[in-house]
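Let me begin by presenting the structure, written as structure tokens, before commenting on it.
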Amino acid sequence: MSNLENRFILTQSQKMMVFILSMSLYGLSNMITELVPEFYIGPIELSVEYFAFIPLTLCILFHPLYAAIGASLGEVIFGEIMLGQFGGFGELEKFIAFSLAMYVAGTLVRDPKNKLQVGIAAMVGIIIHQAISAIVDILKVWVGVEELEAVPGLAESIVAIEGFYFLNDVLFSGILFALLPTVYLVPRLYGKIEPLLGMKPRTRDDRYSLKEIVGPRLIVGGILLAAFAFLFEFLSETEFNWEWEADFVEMFGDWFVFISIGVAAFIAIITLVVLSNRKKNNTQKDEKVS
Amino acid sequence: MEYGRKWMDKLSVEQVKIELLHTAYGNSDIFFAKLDPRTLFIWYSYFGITPWFLHNEYILLGMLLFMLVTTYFAKISPLIMLILSLGLLGQGGSLLIIALFFGGNWATLMPLFILTVKLMVISLASITVFCSMNPTQLSNGLLKIGVPGQVSFSIAYGYRMLPTLVEEYHHVFQSFRLRGKAPEKRGFLYIRTISYFVKLAVMSFYPLLLSTAKRARTTVEALETKGSMYGFNHPEVKKLKLKTLKMKKRDYLFLIASFLYVVLLFVYFY
Amino acid sequence: MQPIIELRNVTYQYPGANTPVLRDVNLTIEKGDFVAILGGNGSGKSTMCKLFNGLIPHYYVGDLSGKVTVNSRSTLDHKVSDFSKTVGYVYQDFENQIVSPRVLEDASFAPLHFGLPDFEERGIRALEVVGLLEHRDEFVWQLSGGQKHLLALASILSLNPDIIIIDEPSAQLDPQHAREIYKLLQKLNKEEGKTIIVIEHHTEFVAEFANTVILMNQGSIEFKLPVVKALNEIELLEQHQIFPPQVTQAAAKCFPHKEQLPITIRESLDLFERGGQMEEEVSSPGPEREVIVQYDKVCYSYQTITKKKKRVLHDINLTINEGDYIALVGNNGAGKSTLMRLLTGLIKQEIGNVFLGGKDIRKTTPEKLAERITYIYQNPEQMFIDDSVEKDIGFYLRARKHPQTEKIVNQLVEQFHLKELKKRDSRLLSGGQQRRASLAIGMGMNPQIMLLDEPTANLDISTRKQVSRLLAQLKSQLKAVVIATHDMQLACEFANRIIVMHEGRIIHDGDKYSVYANQWLLKKAGLYPPQIFTLSKELEWKHPVFSVEEFVQQYERREVSYGVWT
């Protein structure tokens, strides 16, 4: 315990506590925001997008990784599965983007008592999340529409719409439901909530070393996202292969469905691995260069 | 005030319990609920992804037709379908209008139409699959395909704790209401009243953060003594849990039928 | 008997604490014993129990010295999960140890996660033992509080442990359910030879069920004695804020030189002489008073999970007058809380009218009603919304920009003995302190009428007494008070009017004399009178008494008049 380096290493059960805490609370808040109707003033949507202050606060006060993952899972479970709205792959994308954003926000804060730091971290978290969401949405249209560039006006309009939503969410939800409540809550809870979980509060020295945290983990997160983008692109190329599939069926019979699905899954995994390796090499090279 | 009251009425504990029970038990008699979760995952992994990369409108429409049939058999409420369709059409429509500003013309319509059909196929596929599975099936299925035990535990825990959490939130929110003072003037477009209630909704989380922290501690202690840490790390526990999962004849038949239909689509229209 | 738990020179200190919670503890618990652990708050009872199942030192790091042996295995050398099959622990906040959504799932959770192939049979068997088998497929939140406690017990029984530890069952449950749990424990103890350890404040249960008593004080064992001897140590117990059974207290006062005092009613019947109590005048009802609240043919229903309406109040007619201090008693689910909550305006009756000062309550908003009627929740935490006791008390006044906020808050802080605690967060206080804070918050709203839901639930006996005293003080500041309670001692001491509810109806409206004269009523509403009342009744007194002081007084007067002392 006295060893300074080991101070912020949590036991397995403490991680689980942070995880459960974050999951249940953010899940609950999600269920509440799902029930709140939206308001429109012209094209401006004044909806309570999410109570991001809950995961932000917990990421700042506790271990950001477990708080972030817990919150994302809470959203999926309470806000989707339990309301009968689980969306399949779409949830995966939200899960990764949100966890990553909250995690980064949590690591940015060194001193939970410093309101400026907390505020900046909250806004950065929201911006990262909304930016990733916007990019993914644009990517979807890009993948979904054949030769997007050739369709007049569409590319511009999708960028414009996403850009608008990005600003709307960052300025409205970001300030009202992330910045203000987080700045209000963090100093109040600091030193009070940690003992309830049998932990010592974070101190100035307990920060995560930038190299350790922002280094590999951020990169892995980035790679994952990039990999998904590439996966879509790659799959779009395979479209032509469906043509000969029919012949195979005639030749081999019904069990082919399993093989075909198995092969598809296998290819997908291999692609992921290869792409992430390549990307990792690239990044490592980049790091060396810089 | 009226608005806030309605909102809180919606959030009553009994209401939440009814909703939960509904999603948990609601559809147990339909065909899809009897399938193995793996079958549904496999099925979804095809219809949830491939439409993105298909650009042939006939194939897509054929798929859409198929999805409409499956959603019909999954007994999805027409209201959900309507909301979904309106949402997607609205999205497409707004894209179109803005595209016209950027020099788009009627040639923009077709790609947008295809995109909307794609999105529809994907959404209907996920609705068919995930509305048919009850939470136990879903969490068992996820466990089976290798998602960590913590996730399926969390789903179960969510079901266990949600009514308790909602009740507590409800009480705290009411305490705020009774002891605080709602603004006397509603303000332009009820702005004052709305912002008062939204502020209460946010502030009610401060007490909840502390009390949930206390809860989490006992729960994790109990988990420790109940061997869950042992369970998460031992494959034989997983086997024991999933011993009821079994691919049956109807699973294979369903997959084969879906496959044949897709093949047919490709053969005819490609 | 063979020892099952042995502690040798155990000292333990929580991480970050300055002083040890356990100091040099030496203790042996025999196999098959029924042990009750007594001790004030912070005496280390719960900490010691966490040593028994290995949570200390494996889960809580901290400084542990000495040796703990459970079932001849040292807790240092084995993991927590190894002890789960030997020791089962039901927590004080047992709700949070139930982790699965459905009843059977939770009962078989532990055997499943330990990889036992017969996990389901084990769960079913455990449910059968506690009598919950018919609820096996229900969701946990469909169970009542008492049933949840039984489920928490079933979940540990499914591993078939040799030792069962239960933390304060009588503080968490109403008297009827507490008795059920004790009967069950007794059965497990006698028939299956389980070692039972309870942490308990309620000495009447201890006297009836336990064999051995351990008294703890500031982390050390004060004594470990057979139950009769232990409960005869009246002075020592009272020093530690523990009150022996009422019959024992009465016997100690009536027979100061008696060596061994009775600890149950049966034993005390041999000691006290029967009959011959002096006639006592029963007070007659006072003059007519101002009507404040009126319920007129009120019915209330709520929607259940099967979407059917369930009626919880049937045709209630009730008038509350100024100067009424009402105890609302009856089983769980009798409709007590609903009846009170109608007055807050947060729920609305289906049929009928409720009038406050002659005005229809439906036409007033809950916010406006709150200015006249305060409702104190059963769980005080639900009233804590700000980050310190002081701010919570002043929240109402500040929201209304009351000019004397500061002065009133200071007065209340003083009145409820919260001076040292006023800067602290209410949620981090102990149970009794939280209760005091919640009363102060209620008074901070300057109400005319106060409604309290189970104000003494979850409190140990000495804190109960303190809260009862504070409530008595409030009478002069309020026009009327309604208390829903299971605590018959409180009802008898506090109320001048007792209303008995049963299945949504008022079945009796009178005072303590009329309630307790009616055997049928007591049985139907599941009421347990104070022990001293039962004793005086058993002694065939014409006017049974409700407190130890009264009993002693009457008994002595009777002796004088019969000339025993001459």
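Every chain in the structure tokens takes a letter, A first, then B, and so on in the order presented; its residues are numbered from 1, and the ligands are numbered from 1 following the presented order.
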
(message) Among range 255-499 of chain C, which residues does DSSP mark as strand (DSSP E or B) when it is run on the backbone? Keep the chain and numbering as in the structure and answer as a ChimeraX atom specification.
(response) /C:291-303,309-321,325-329,351-356,359-360,373-376,449-453,480-484,497-499

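Omitting Val186 in chain A and its sequence neighbours fewer than 3 positions away, and counting only C-alpha atoms, the residues within 8 Å are Thr57, Ile60, Leu61, Pro112, Lys113, Val118, Thr182, Val183, Leu189 and Tyr190 of chain A.
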
Which polymer residues have any atom within 12 Å of an atom of Ile54 in chain A, counting only C-alpha atoms, with same-chain residues fewer than 6 positions away left out, as a JSON list (two decimals) with C-alpha atoms, in the first residue's frame?
```json
[["chain", "number", "residue", "atom", "x", "y", "z"],
["A", 21, "LEU", "CA", -21.73, 1.21, -10.14],
["A", 22, "SER", "CA", -21.17, 2.78, -13.52],
["A", 23, "MET", "CA", -23.31, 0.25, -15.31],
["A", 24, "SER", "CA", -26.36, 0.56, -13.10],
["A", 25, "LEU", "CA", -26.34, 4.34, -12.88],
["A", 26, "TYR", "CA", -25.68, 5.15, -16.48],
["A", 27, "GLY", "CA", -28.11, 2.42, -17.46],
["A", 28, "LEU", "CA", -30.78, 3.97, -15.29],
["A", 29, "SER", "CA", -30.13, 7.42, -16.71],
["A", 30, "ASN", "CA", -30.43, 6.01, -20.18],
["A", 60, "ILE", "CA", -12.62, 11.00, -13.38],
["A", 61, "LEU", "CA", -13.00, 9.69, -9.83],
["A", 62, "PHE", "CA", -12.22, 6.01, -10.38],
["A", 67, "ALA", "CA", -16.11, 3.02, -15.42],
["A", 68, "ALA", "CA", -16.18, 3.62, -19.17],
["A", 70, "GLY", "CA", -19.44, -0.32, -17.39],
["A", 71, "ALA", "CA", -21.29, 2.76, -18.62],
["A", 72, "SER", "CA", -21.33, 1.61, -22.23],
["A", 74, "GLY", "CA", -25.18, -0.20, -18.98],
["A", 75, "GLU", "CA", -26.47, 1.75, -21.94],
["A", 102, "MET", "CA", -15.21, 8.48, -21.69],
["A", 106, "GLY", "CA", -11.06, 10.21, -17.46],
["A", 122, "ALA", "CA", -15.83, 16.64, -19.92],
["A", 177, "PHE", "CA", -25.58, 17.45, -19.58],
["A", 178, "ALA", "CA", -21.86, 16.94, -19.48],
["A", 179, "LEU", "CA", -19.92, 20.08, -18.64],
["A", 180, "LEU", "CA", -22.11, 21.70, -15.98],
["A", 181, "PRO", "CA", -23.16, 18.62, -13.99],
["A", 182, "THR", "CA", -19.69, 17.11, -14.08],
["A", 183, "VAL", "CA", -18.07, 20.25, -12.78],
["A", 184, "TYR", "CA", -20.75, 20.35, -10.08],
["A", 185, "LEU", "CA", -20.49, 16.70, -9.07],
["A", 186, "VAL", "CA", -16.82, 15.79, -9.20],
["A", 189, "LEU", "CA", -18.08, 13.43, -4.59],
["B", 202, "VAL", "CA", -29.79, 15.73, -13.13],
["B", 203, "MET", "CA", -29.37, 16.66, -9.48],
["B", 204, "SER", "CA", -31.23, 13.55, -8.33],
["B", 205, "PHE", "CA", -28.25, 11.55, -9.45],
["B", 206, "TYR", "CA", -25.97, 12.94, -6.78],
["B", 208, "LEU", "CA", -28.03, 8.01, -6.16],
["B", 209, "LEU", "CA", -24.32, 7.91, -6.91]]
```

(request) Residues of chain C near chain A: apply a cut-off of 10 Å, count only C-alpha atoms, and supply the list as JSON, numbers by chain. (result) {"C": [14, 15, 16, 59, 60, 61, 62, 387, 424, 425, 427, 428]}

(message) Distance limit 7 Å, atoms considered: only C-alpha atoms. Which chain C residues sit that close to chain B? Return them as a list of chain:residue names.
(response) C:Val80, C:Ser81, C:Ser84, C:Asn96, C:Gln97, C:Val99, C:Ser100, C:Pro101, C:Ala110, C:Leu112, C:His113, C:Phe114, C:Gly115, C:Pro117, C:Val140, C:Gln303, C:Thr304, C:Ile305, C:Pro366, C:Glu367, C:Ala370, C:Gln382, C:Met383, C:Phe384, C:Ile385, C:Phe395, C:Tyr396, C:Ala399, C:Arg400

(message) When you look at Pro244 in chain C with a cut-off of 12 Å (counting only C-alpha atoms), what residues show up, excluding the ones that are within fewer than 3 positions of it in the same chain? I need them as a PyMOL selection string.
(response) chain C and resi 38+200-207+227-241+247-252+261-264+461-462+531+548

(request) Identify which of the residues A:Gly90, A:Gly174, A:Gly119, A:Pro201 lies closest to chain B, counting only C-alpha atoms when measuring atom-to-atom distances. (result) A:Gly90

(request) Determine, counting only C-alpha atoms, which protein, DNA and RNA residues have an atom within 9 Å of an atom of range 457-459 of chain C; residues of the same chain fewer than 2 positions away are not included. Present the result as a ChimeraX atom specification. (result) /C:168,170-174,378-379,431-432,435,453-455,461-464,485-487

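The shell of residues at most 7 Å from His314 in chain C, with only C-alpha atoms counted and near chain neighbours (fewer than 4 positions) removed, consists of Val298, Cys299, Gly504 and Arg505 of chain C.
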
Residue subset to file, keeping N, CA, C and O atoms, as a PDB file, in the first residue's frame:
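As a result, result.pdb now contains:
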```
ATOM      1  N   VAL C 298     -62.916   6.554   0.639  1.00  0.00           N
ATOM      2  CA  VAL C 298     -61.769   6.560  -0.268  1.00  0.00           C
ATOM      3  C   VAL C 298     -61.369   5.143  -0.666  1.00  0.00           C
ATOM      4  O   VAL C 298     -61.248   4.264   0.178  1.00  0.00           O
ATOM      5  N   CYS C 299     -61.210   4.935  -1.985  1.00  0.00           N
ATOM      6  CA  CYS C 299     -60.661   3.682  -2.495  1.00  0.00           C
ATOM      7  C   CYS C 299     -59.412   4.004  -3.298  1.00  0.00           C
ATOM      8  O   CYS C 299     -59.346   5.043  -3.945  1.00  0.00           O
ATOM      9  N   GLY C 504     -56.431  -3.461   3.578  1.00  0.00           N
ATOM     10  CA  GLY C 504     -57.012  -2.268   2.966  1.00  0.00           C
ATOM     11  C   GLY C 504     -58.232  -1.700   3.666  1.00  0.00           C
ATOM     12  O   GLY C 504     -58.881  -0.810   3.139  1.00  0.00           O
ATOM     13  N   ARG C 505     -58.539  -2.231   4.839  1.00  0.00           N
ATOM     14  CA  ARG C 505     -59.691  -1.694   5.568  1.00  0.00           C
ATOM     15  C   ARG C 505     -59.259  -1.323   6.984  1.00  0.00           C
ATOM     16  O   ARG C 505     -58.328  -1.913   7.522  1.00  0.00           O
TER      17      ARG C 505
END
```

(message) List the spatial neighbours of Ile393 in chain C as a list in words - criterion: any atom at most 8 Å away, only C-alpha atoms, same-chain residues fewer than 6 positions off excluded.
(response) Val409, Ala437, Ala440, Ile441, Gly442 and Gly444 of chain C

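With only C-alpha atoms as the basis for measurement, A:Leu83 is the residue among A:Cys59, A:Leu83, A:Val159, A:Ile138 that approaches chain B most closely.
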
(request) For CA of Val329 in chain C and CA of Ala491 in chain C, quote the distance in Å rounded to one decimal. (result) 8.2 Å

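As for CA of Ile42 in chain B and CA of Asn140 in chain B, they are spaced 14.8 Å apart.
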
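Using only C-alpha atoms, the nearest neighbour of chain A within the list B:Thr108, B:Ser139, B:Gln150, B:Ser195 is B:Thr108.
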
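The space separating CA of Gly146 in chain B from CA of Lys118 in chain B comes to 28.8 Å.
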
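Using only C-alpha atoms, the smallest distance between any of A:Gly79, A:Gly144, A:Gly125, A:Gly87 and Leu115 in chain B comes from A:Gly144.
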